[in-house]
$ cat final.txt   # compact mmCIF, N, CA and C atoms
# COMPACT_ATOMS: atom_id res chain seq x y z
N MET A 1 2.32 11.82 21.57
CA MET A 1 1.97 11.48 20.21
C MET A 1 1.79 12.76 19.41
N LYS A 2 2.55 12.90 18.37
CA LYS A 2 2.52 14.11 17.56
C LYS A 2 1.14 14.33 16.94
N GLY A 3 0.59 15.53 17.11
CA GLY A 3 -0.70 15.86 16.52
C GLY A 3 -1.91 15.42 17.33
N TYR A 4 -1.69 14.81 18.49
CA TYR A 4 -2.80 14.34 19.30
C TYR A 4 -3.58 15.51 19.86
N ASN A 5 -4.89 15.45 19.74
CA ASN A 5 -5.76 16.51 20.24
C ASN A 5 -6.89 15.85 21.03
N LYS A 6 -6.91 16.03 22.35
CA LYS A 6 -7.89 15.35 23.20
C LYS A 6 -9.33 15.77 22.92
N GLU A 7 -9.54 16.90 22.24
CA GLU A 7 -10.90 17.30 21.90
C GLU A 7 -11.50 16.40 20.82
N PHE A 8 -10.66 15.75 20.04
CA PHE A 8 -11.14 14.91 18.95
C PHE A 8 -10.87 13.44 19.14
N ARG A 9 -9.92 13.10 20.01
CA ARG A 9 -9.56 11.70 20.20
C ARG A 9 -9.26 11.41 21.66
N LEU A 10 -9.60 10.21 22.06
CA LEU A 10 -9.19 9.71 23.36
C LEU A 10 -8.06 8.72 23.10
N LEU A 11 -6.98 8.87 23.80
CA LEU A 11 -5.84 7.97 23.65
C LEU A 11 -5.75 7.12 24.91
N LEU A 12 -5.91 5.82 24.74
CA LEU A 12 -5.85 4.91 25.87
C LEU A 12 -4.66 3.98 25.67
N GLU A 13 -4.00 3.66 26.77
CA GLU A 13 -2.87 2.73 26.70
C GLU A 13 -3.18 1.52 27.56
N THR A 14 -3.07 0.33 26.98
CA THR A 14 -3.34 -0.89 27.72
C THR A 14 -2.15 -1.23 28.60
N GLN A 15 -2.32 -2.22 29.46
CA GLN A 15 -1.25 -2.62 30.37
C GLN A 15 -0.01 -3.12 29.64
N ASN A 16 -0.21 -3.68 28.44
CA ASN A 16 0.95 -4.18 27.69
C ASN A 16 1.55 -3.10 26.78
N GLY A 17 1.10 -1.86 26.92
CA GLY A 17 1.68 -0.75 26.19
C GLY A 17 1.05 -0.43 24.84
N GLN A 18 0.03 -1.20 24.45
CA GLN A 18 -0.64 -0.93 23.18
C GLN A 18 -1.47 0.35 23.29
N LYS A 19 -1.35 1.22 22.29
CA LYS A 19 -2.11 2.46 22.29
C LYS A 19 -3.35 2.30 21.43
N MET A 20 -4.48 2.75 21.95
CA MET A 20 -5.75 2.68 21.23
C MET A 20 -6.34 4.08 21.17
N ILE A 21 -6.84 4.45 20.00
CA ILE A 21 -7.41 5.79 19.82
C ILE A 21 -8.90 5.65 19.52
N PHE A 22 -9.71 6.44 20.21
CA PHE A 22 -11.15 6.44 20.01
C PHE A 22 -11.62 7.85 19.69
N GLU A 23 -12.61 7.94 18.84
CA GLU A 23 -13.21 9.23 18.47
C GLU A 23 -13.87 9.83 19.71
N ASN A 24 -13.65 11.12 19.92
CA ASN A 24 -14.19 11.83 21.07
C ASN A 24 -14.93 13.09 20.67
N ALA A 25 -15.01 13.38 19.40
CA ALA A 25 -15.58 14.65 18.95
C ALA A 25 -17.10 14.65 19.09
N LYS A 26 -17.61 15.78 19.47
CA LYS A 26 -19.07 15.96 19.54
C LYS A 26 -19.62 16.32 18.16
N GLU A 27 -18.80 16.84 17.32
CA GLU A 27 -19.18 17.25 15.96
C GLU A 27 -18.49 16.32 14.97
N PRO A 28 -19.23 15.44 14.32
CA PRO A 28 -18.61 14.43 13.45
C PRO A 28 -17.83 15.01 12.27
N THR A 29 -18.26 16.11 11.71
CA THR A 29 -17.53 16.70 10.60
C THR A 29 -16.19 17.25 11.07
N ALA A 30 -16.17 17.85 12.25
CA ALA A 30 -14.92 18.36 12.81
C ALA A 30 -13.94 17.20 13.07
N PHE A 31 -14.49 16.05 13.45
CA PHE A 31 -13.64 14.89 13.69
C PHE A 31 -12.92 14.45 12.42
N ILE A 32 -13.65 14.37 11.31
CA ILE A 32 -13.03 13.97 10.04
C ILE A 32 -11.94 14.97 9.66
N HIS A 33 -12.18 16.27 9.86
CA HIS A 33 -11.15 17.27 9.59
C HIS A 33 -9.93 17.07 10.48
N ALA A 34 -10.16 16.69 11.73
CA ALA A 34 -9.06 16.51 12.68
C ALA A 34 -8.15 15.35 12.31
N LEU A 35 -8.64 14.43 11.51
CA LEU A 35 -7.81 13.30 11.08
C LEU A 35 -6.72 13.72 10.10
N LYS A 36 -6.88 14.89 9.49
CA LYS A 36 -5.90 15.45 8.55
C LYS A 36 -5.53 14.43 7.46
N LEU A 37 -6.55 13.99 6.74
CA LEU A 37 -6.37 12.96 5.72
C LEU A 37 -5.86 13.52 4.40
N LYS A 38 -6.28 14.72 4.07
CA LYS A 38 -5.97 15.29 2.75
C LYS A 38 -4.47 15.42 2.54
N ASN A 39 -4.01 14.85 1.43
CA ASN A 39 -2.59 14.89 1.03
C ASN A 39 -1.65 14.39 2.13
N ASN A 40 -2.12 13.48 2.97
CA ASN A 40 -1.32 12.98 4.08
C ASN A 40 -1.24 11.45 4.08
N THR A 41 -1.77 10.81 3.05
CA THR A 41 -1.81 9.35 3.02
C THR A 41 -0.53 8.78 2.43
N ASN A 42 0.03 7.85 3.15
CA ASN A 42 1.28 7.20 2.75
C ASN A 42 1.02 5.85 2.08
N LYS A 43 0.00 5.12 2.59
CA LYS A 43 -0.31 3.79 2.09
C LYS A 43 -1.78 3.49 2.38
N VAL A 44 -2.41 2.69 1.50
CA VAL A 44 -3.79 2.26 1.70
C VAL A 44 -3.84 0.74 1.56
N ALA A 45 -4.51 0.10 2.51
CA ALA A 45 -4.72 -1.34 2.45
C ALA A 45 -6.22 -1.61 2.66
N TYR A 46 -6.71 -2.73 2.14
CA TYR A 46 -8.12 -3.05 2.34
C TYR A 46 -8.33 -4.53 2.63
N HIS A 47 -9.48 -4.79 3.18
CA HIS A 47 -9.91 -6.12 3.61
C HIS A 47 -11.34 -6.24 3.10
N ASN A 48 -11.64 -7.18 2.20
CA ASN A 48 -13.00 -7.24 1.68
C ASN A 48 -13.93 -8.04 2.58
N TYR A 49 -15.21 -8.00 2.28
CA TYR A 49 -16.22 -8.62 3.12
C TYR A 49 -16.00 -10.13 3.27
N ALA A 50 -15.67 -10.81 2.19
CA ALA A 50 -15.45 -12.26 2.25
C ALA A 50 -14.29 -12.60 3.19
N ASP A 51 -13.21 -11.81 3.13
CA ASP A 51 -12.08 -12.03 4.03
C ASP A 51 -12.51 -11.82 5.48
N TRP A 52 -13.28 -10.79 5.72
CA TRP A 52 -13.78 -10.50 7.06
C TRP A 52 -14.71 -11.61 7.53
N ASP A 53 -15.65 -12.01 6.65
CA ASP A 53 -16.66 -13.01 7.00
C ASP A 53 -16.03 -14.35 7.36
N TYR A 54 -14.95 -14.72 6.67
CA TYR A 54 -14.26 -15.98 6.94
C TYR A 54 -13.07 -15.81 7.88
N ALA A 55 -12.96 -14.66 8.51
CA ALA A 55 -11.90 -14.35 9.48
C ALA A 55 -10.51 -14.58 8.91
N ARG A 56 -10.35 -14.23 7.65
CA ARG A 56 -9.02 -14.31 7.03
C ARG A 56 -8.32 -12.98 7.22
N ASN A 57 -7.11 -13.03 7.64
CA ASN A 57 -6.33 -11.81 7.85
C ASN A 57 -5.63 -11.45 6.54
N ALA A 58 -6.42 -11.18 5.52
CA ALA A 58 -5.89 -10.90 4.18
C ALA A 58 -6.11 -9.43 3.83
N TYR A 59 -5.07 -8.64 3.99
CA TYR A 59 -5.15 -7.23 3.61
C TYR A 59 -4.38 -7.04 2.32
N HIS A 60 -4.92 -6.22 1.44
CA HIS A 60 -4.34 -5.99 0.13
C HIS A 60 -3.92 -4.52 0.03
N ILE A 61 -2.75 -4.26 -0.50
CA ILE A 61 -2.25 -2.90 -0.66
C ILE A 61 -2.82 -2.33 -1.96
N VAL A 62 -3.20 -1.07 -1.92
CA VAL A 62 -3.75 -0.39 -3.08
C VAL A 62 -2.77 0.69 -3.51
N SER A 63 -2.54 0.79 -4.80
CA SER A 63 -1.67 1.85 -5.32
C SER A 63 -2.30 3.22 -5.06
N LEU A 64 -1.46 4.18 -4.75
CA LEU A 64 -1.95 5.55 -4.52
C LEU A 64 -2.17 6.22 -5.87
N ASN A 65 -3.20 5.77 -6.57
CA ASN A 65 -3.53 6.35 -7.87
C ASN A 65 -4.51 7.51 -7.69
N GLU A 66 -4.96 8.07 -8.78
CA GLU A 66 -5.84 9.24 -8.74
C GLU A 66 -7.17 8.93 -8.04
N ALA A 67 -7.76 7.76 -8.30
CA ALA A 67 -9.03 7.41 -7.67
C ALA A 67 -8.90 7.34 -6.15
N VAL A 68 -7.81 6.76 -5.68
CA VAL A 68 -7.57 6.63 -4.24
C VAL A 68 -7.34 8.00 -3.62
N THR A 69 -6.47 8.79 -4.22
CA THR A 69 -6.16 10.12 -3.70
C THR A 69 -7.40 11.02 -3.69
N ASP A 70 -8.17 11.01 -4.76
CA ASP A 70 -9.39 11.83 -4.84
C ASP A 70 -10.38 11.43 -3.75
N PHE A 71 -10.56 10.13 -3.53
CA PHE A 71 -11.47 9.67 -2.50
C PHE A 71 -11.02 10.11 -1.11
N VAL A 72 -9.76 9.88 -0.79
CA VAL A 72 -9.24 10.25 0.53
C VAL A 72 -9.38 11.76 0.75
N ASN A 73 -9.06 12.55 -0.27
CA ASN A 73 -9.19 14.00 -0.15
C ASN A 73 -10.66 14.41 0.03
N GLN A 74 -11.58 13.69 -0.60
CA GLN A 74 -13.01 14.00 -0.46
C GLN A 74 -13.54 13.67 0.93
N LEU A 75 -12.88 12.77 1.64
CA LEU A 75 -13.35 12.44 2.99
C LEU A 75 -13.39 13.67 3.89
N GLU A 76 -12.50 14.61 3.67
CA GLU A 76 -12.51 15.83 4.49
C GLU A 76 -13.75 16.69 4.23
N HIS A 77 -14.44 16.43 3.13
CA HIS A 77 -15.65 17.18 2.79
C HIS A 77 -16.90 16.32 2.95
N ALA A 78 -16.76 15.18 3.63
CA ALA A 78 -17.87 14.24 3.79
C ALA A 78 -18.98 14.84 4.64
N THR A 79 -20.18 14.42 4.34
CA THR A 79 -21.35 14.81 5.12
C THR A 79 -21.62 13.71 6.14
N ALA A 80 -21.84 14.09 7.39
CA ALA A 80 -22.13 13.11 8.44
C ALA A 80 -23.63 12.86 8.51
N ILE A 81 -24.00 11.60 8.66
CA ILE A 81 -25.41 11.25 8.82
C ILE A 81 -25.53 10.25 9.96
N GLU A 82 -26.64 10.32 10.68
CA GLU A 82 -26.86 9.40 11.79
C GLU A 82 -27.71 8.21 11.36
N ASP A 83 -28.69 8.44 10.48
CA ASP A 83 -29.59 7.36 10.06
C ASP A 83 -29.01 6.72 8.82
N HIS A 84 -28.41 5.57 8.98
CA HIS A 84 -27.70 4.95 7.88
C HIS A 84 -28.48 3.85 7.19
N GLY A 85 -29.60 3.42 7.75
CA GLY A 85 -30.38 2.36 7.13
C GLY A 85 -29.61 1.04 7.10
N LYS A 86 -30.02 0.17 6.24
CA LYS A 86 -29.36 -1.14 6.13
C LYS A 86 -28.09 -1.00 5.33
N GLU A 87 -26.99 -1.52 5.86
CA GLU A 87 -25.69 -1.31 5.24
C GLU A 87 -25.39 -2.25 4.07
N GLY A 88 -25.52 -3.54 4.24
CA GLY A 88 -25.16 -4.49 3.18
C GLY A 88 -23.68 -4.82 3.22
N SER A 89 -23.15 -5.29 2.10
CA SER A 89 -21.75 -5.70 2.08
C SER A 89 -20.82 -4.50 2.20
N PHE A 90 -19.63 -4.77 2.68
CA PHE A 90 -18.69 -3.69 2.93
C PHE A 90 -17.27 -4.13 2.64
N LYS A 91 -16.39 -3.15 2.62
CA LYS A 91 -14.95 -3.37 2.54
C LYS A 91 -14.32 -2.51 3.63
N GLU A 92 -13.36 -3.07 4.34
CA GLU A 92 -12.61 -2.29 5.32
C GLU A 92 -11.38 -1.75 4.63
N PHE A 93 -11.07 -0.49 4.89
CA PHE A 93 -9.82 0.04 4.36
C PHE A 93 -9.09 0.79 5.45
N THR A 94 -7.78 0.76 5.35
CA THR A 94 -6.92 1.39 6.35
C THR A 94 -6.04 2.41 5.65
N LEU A 95 -6.01 3.61 6.21
CA LEU A 95 -5.16 4.67 5.70
C LEU A 95 -3.96 4.81 6.64
N TYR A 96 -2.78 4.62 6.09
CA TYR A 96 -1.54 4.80 6.83
C TYR A 96 -1.04 6.20 6.49
N MET A 97 -0.97 7.05 7.50
CA MET A 97 -0.67 8.45 7.27
C MET A 97 0.83 8.73 7.38
N LYS A 98 1.24 9.80 6.72
CA LYS A 98 2.65 10.20 6.74
C LYS A 98 3.14 10.53 8.15
N ASP A 99 2.22 10.96 9.02
CA ASP A 99 2.60 11.31 10.39
C ASP A 99 2.64 10.09 11.32
N GLY A 100 2.39 8.89 10.76
CA GLY A 100 2.47 7.68 11.56
C GLY A 100 1.14 7.17 12.10
N THR A 101 0.08 7.96 12.01
CA THR A 101 -1.21 7.49 12.50
C THR A 101 -1.84 6.53 11.48
N VAL A 102 -2.74 5.72 11.97
CA VAL A 102 -3.44 4.74 11.15
C VAL A 102 -4.93 4.92 11.39
N ASN A 103 -5.69 5.04 10.31
CA ASN A 103 -7.13 5.22 10.41
C ASN A 103 -7.83 4.13 9.62
N GLN A 104 -8.71 3.40 10.29
CA GLN A 104 -9.43 2.32 9.63
C GLN A 104 -10.89 2.72 9.45
N PHE A 105 -11.43 2.43 8.28
CA PHE A 105 -12.80 2.75 7.94
C PHE A 105 -13.48 1.52 7.34
N ARG A 106 -14.79 1.56 7.30
CA ARG A 106 -15.58 0.61 6.52
C ARG A 106 -16.35 1.40 5.49
N MET A 107 -16.38 0.90 4.27
CA MET A 107 -17.22 1.52 3.25
C MET A 107 -18.23 0.49 2.80
N PHE A 108 -19.47 0.95 2.70
CA PHE A 108 -20.58 0.07 2.37
C PHE A 108 -21.02 0.31 0.93
N LYS A 109 -21.47 -0.75 0.31
CA LYS A 109 -21.86 -0.69 -1.10
C LYS A 109 -22.93 0.36 -1.35
N ASN A 110 -23.73 0.69 -0.32
CA ASN A 110 -24.78 1.70 -0.48
C ASN A 110 -24.24 3.14 -0.47
N GLY A 111 -22.92 3.31 -0.43
CA GLY A 111 -22.32 4.64 -0.55
C GLY A 111 -21.91 5.29 0.75
N LEU A 112 -21.98 4.58 1.86
CA LEU A 112 -21.64 5.17 3.16
C LEU A 112 -20.28 4.70 3.64
N ILE A 113 -19.66 5.55 4.45
CA ILE A 113 -18.36 5.27 5.04
C ILE A 113 -18.52 5.38 6.55
N HIS A 114 -17.90 4.49 7.30
CA HIS A 114 -18.03 4.50 8.75
C HIS A 114 -16.65 4.41 9.40
N TYR A 115 -16.42 5.27 10.39
CA TYR A 115 -15.23 5.17 11.22
C TYR A 115 -15.65 4.33 12.41
N PRO A 116 -15.09 3.12 12.60
CA PRO A 116 -15.61 2.14 13.55
C PRO A 116 -15.85 2.61 14.98
N THR A 117 -15.09 3.54 15.50
CA THR A 117 -15.30 3.97 16.89
C THR A 117 -16.23 5.18 16.97
N SER A 118 -16.91 5.49 15.89
CA SER A 118 -17.83 6.63 15.85
C SER A 118 -19.25 6.14 15.65
N ASP A 119 -20.21 6.94 16.10
CA ASP A 119 -21.62 6.63 15.87
C ASP A 119 -22.10 7.13 14.52
N TYR A 120 -21.25 7.83 13.80
CA TYR A 120 -21.66 8.48 12.57
C TYR A 120 -21.20 7.74 11.33
N TYR A 121 -21.99 7.93 10.29
CA TYR A 121 -21.64 7.46 8.96
C TYR A 121 -21.42 8.69 8.11
N TYR A 122 -20.62 8.56 7.08
CA TYR A 122 -20.27 9.69 6.23
C TYR A 122 -20.58 9.36 4.78
N LYS A 123 -20.83 10.41 4.03
CA LYS A 123 -21.14 10.26 2.62
C LYS A 123 -20.28 11.25 1.85
N VAL A 124 -19.67 10.76 0.76
CA VAL A 124 -18.89 11.61 -0.14
C VAL A 124 -19.57 11.58 -1.51
N ARG A 125 -19.03 12.37 -2.43
CA ARG A 125 -19.60 12.37 -3.77
C ARG A 125 -19.53 10.96 -4.37
N GLN A 126 -20.56 10.58 -5.08
CA GLN A 126 -20.66 9.24 -5.66
C GLN A 126 -19.54 8.93 -6.65
N LYS A 127 -19.10 9.93 -7.40
CA LYS A 127 -18.04 9.73 -8.39
C LYS A 127 -16.79 9.18 -7.70
N GLU A 128 -16.35 9.83 -6.63
CA GLU A 128 -15.16 9.41 -5.90
C GLU A 128 -15.38 8.08 -5.17
N PHE A 129 -16.59 7.93 -4.61
CA PHE A 129 -16.90 6.69 -3.89
C PHE A 129 -16.81 5.49 -4.83
N LYS A 130 -17.48 5.57 -5.97
CA LYS A 130 -17.51 4.45 -6.92
C LYS A 130 -16.13 4.11 -7.46
N ALA A 131 -15.34 5.12 -7.76
CA ALA A 131 -13.98 4.88 -8.27
C ALA A 131 -13.12 4.19 -7.22
N PHE A 132 -13.25 4.62 -5.96
CA PHE A 132 -12.46 3.99 -4.88
C PHE A 132 -12.94 2.56 -4.63
N TRP A 133 -14.26 2.36 -4.59
CA TRP A 133 -14.84 1.01 -4.38
C TRP A 133 -14.29 0.06 -5.44
N LYS A 134 -14.24 0.53 -6.69
CA LYS A 134 -13.74 -0.29 -7.79
C LYS A 134 -12.24 -0.59 -7.62
N ALA A 135 -11.49 0.38 -7.07
CA ALA A 135 -10.04 0.19 -6.85
C ALA A 135 -9.76 -0.88 -5.80
N LEU A 136 -10.72 -1.09 -4.90
CA LEU A 136 -10.59 -2.11 -3.86
C LEU A 136 -11.17 -3.42 -4.40
N LYS A 137 -10.51 -4.02 -5.31
CA LYS A 137 -10.99 -5.21 -6.02
C LYS A 137 -11.39 -6.24 -5.05
$ encode --input "final.txt" --output "structure tokens"
Amino acid sequence: MKGYNKEFRLLLETQNGQKMIFENAKEPTAFIHALKLKNNTNKVAYHNYADWDYARNAYHIVSLNEAVTDFVNQLEHATAIEDHGKEGSFKEFTLYMKDGTVNQFRMFKNGLIHYPTSDYYYKVRQKEFKAFWKALK
């Protein structure tokens, strides 16, 4: 797999050939950098809380506009936090990268972002967070 780095990711292959990637980094900020998100996003899709809650497989494509690009680029500068408090409603979003990798995140209305296979939550500047949240109608 091009760009695979075992210090940041564990790559597991199931018996049916499906590849699964799990976060392996000891340093959460280094992990976000290892994802190489900045200027590497090809497509963004999202799944809102209601779709998730009712188990609807409804993903919506988002245009790569300035709000989306600014938010994704800010993720590389995100601050990692362990104590996230109560999350509340969320939206799942998936970043399809130019190199073929796919990264799925959850963003919570309280301003936090979570990479599902990580114990850490991340925080970016509120300006970019709010603009991206709004873009995920």
$ residues_near_point --input "final.txt" --point "(-4.8, -10.0, 1.5)" --cutoff "12 Å" --atoms "only C-alpha atoms" --output "JSON, numbers by chain"
{"A": [45, 46, 47, 48, 49, 50, 51, 52, 55, 56, 57, 58, 59, 60, 61, 62, 92, 93, 136, 137]}
$ closest_residue --input "final.txt" --among "A:Tyr115, A:Tyr96, A:Phe71, A:Phe108" --to "Ala131 in chain A" --atoms "all atoms listed in the file"
A:Phe71
$ atom_distance --input "final.txt" --atom1 "atom C of Val102 in chain A" --atom2 "atom N of Phe132 in chain A"
19.2 Å
$ axis_aligned_box --input "final.txt" --around "range 62-73 of chain A" --padding-each-side "3 Å" --output "AutoDock Vina command-line options"
--center_x -6.5 --center_y 6.7 --center_z -4.0 --size_x 16.0 --size_y 21.5 --size_z 15.5
$ closest_residue --input "final.txt" --among "A:His33, A:Met97, A:Asn103, A:Lys134" --to "His77 in chain A" --atoms "all atoms listed in the file"
A:His33
$ build_atoms --input "final.txt" --residues "range 60-72 of chain A" --atoms "N, CA, C and O atoms" --output "tab-separated table (two decimals), keeping the file's coordinate frame"
chain	number	residue	atom	x	y	z
A	60	HIS	N	-4.92	-6.22	1.44
A	60	HIS	CA	-4.34	-5.99	0.13
A	60	HIS	C	-3.92	-4.52	0.03
A	60	HIS	O	-4.68	-3.63	0.41
A	61	ILE	N	-2.75	-4.26	-0.50
A	61	ILE	CA	-2.25	-2.90	-0.66
A	61	ILE	C	-2.82	-2.33	-1.96
A	61	ILE	O	-2.91	-3.02	-2.98
A	62	VAL	N	-3.20	-1.07	-1.92
A	62	VAL	CA	-3.75	-0.39	-3.08
A	62	VAL	C	-2.77	0.69	-3.51
A	62	VAL	O	-2.23	1.42	-2.67
A	63	SER	N	-2.54	0.79	-4.80
A	63	SER	CA	-1.67	1.85	-5.32
A	63	SER	C	-2.30	3.22	-5.06
A	63	SER	O	-3.51	3.37	-5.13
A	64	LEU	N	-1.46	4.18	-4.75
A	64	LEU	CA	-1.95	5.55	-4.52
A	64	LEU	C	-2.17	6.22	-5.87
A	64	LEU	O	-1.47	7.15	-6.25
A	65	ASN	N	-3.20	5.77	-6.57
A	65	ASN	CA	-3.53	6.35	-7.87
A	65	ASN	C	-4.51	7.51	-7.69
A	65	ASN	O	-4.88	7.87	-6.57
A	66	GLU	N	-4.96	8.07	-8.78
A	66	GLU	CA	-5.84	9.24	-8.74
A	66	GLU	C	-7.17	8.93	-8.04
A	66	GLU	O	-7.66	9.74	-7.25
A	67	ALA	N	-7.76	7.76	-8.30
A	67	ALA	CA	-9.03	7.41	-7.67
A	67	ALA	C	-8.90	7.34	-6.15
A	67	ALA	O	-9.76	7.82	-5.42
A	68	VAL	N	-7.81	6.76	-5.68
A	68	VAL	CA	-7.57	6.63	-4.24
A	68	VAL	C	-7.34	8.00	-3.62
A	68	VAL	O	-7.96	8.36	-2.61
A	69	THR	N	-6.47	8.79	-4.22
A	69	THR	CA	-6.16	10.12	-3.70
A	69	THR	C	-7.40	11.02	-3.69
A	69	THR	O	-7.66	11.71	-2.70
A	70	ASP	N	-8.17	11.01	-4.76
A	70	ASP	CA	-9.39	11.83	-4.84
A	70	ASP	C	-10.38	11.43	-3.75
A	70	ASP	O	-10.98	12.29	-3.10
A	71	PHE	N	-10.56	10.13	-3.53
A	71	PHE	CA	-11.47	9.67	-2.50
A	71	PHE	C	-11.02	10.11	-1.11
A	71	PHE	O	-11.81	10.65	-0.33
A	72	VAL	N	-9.76	9.88	-0.79
A	72	VAL	CA	-9.24	10.25	0.53
A	72	VAL	C	-9.38	11.76	0.75
A	72	VAL	O	-9.80	12.21	1.81
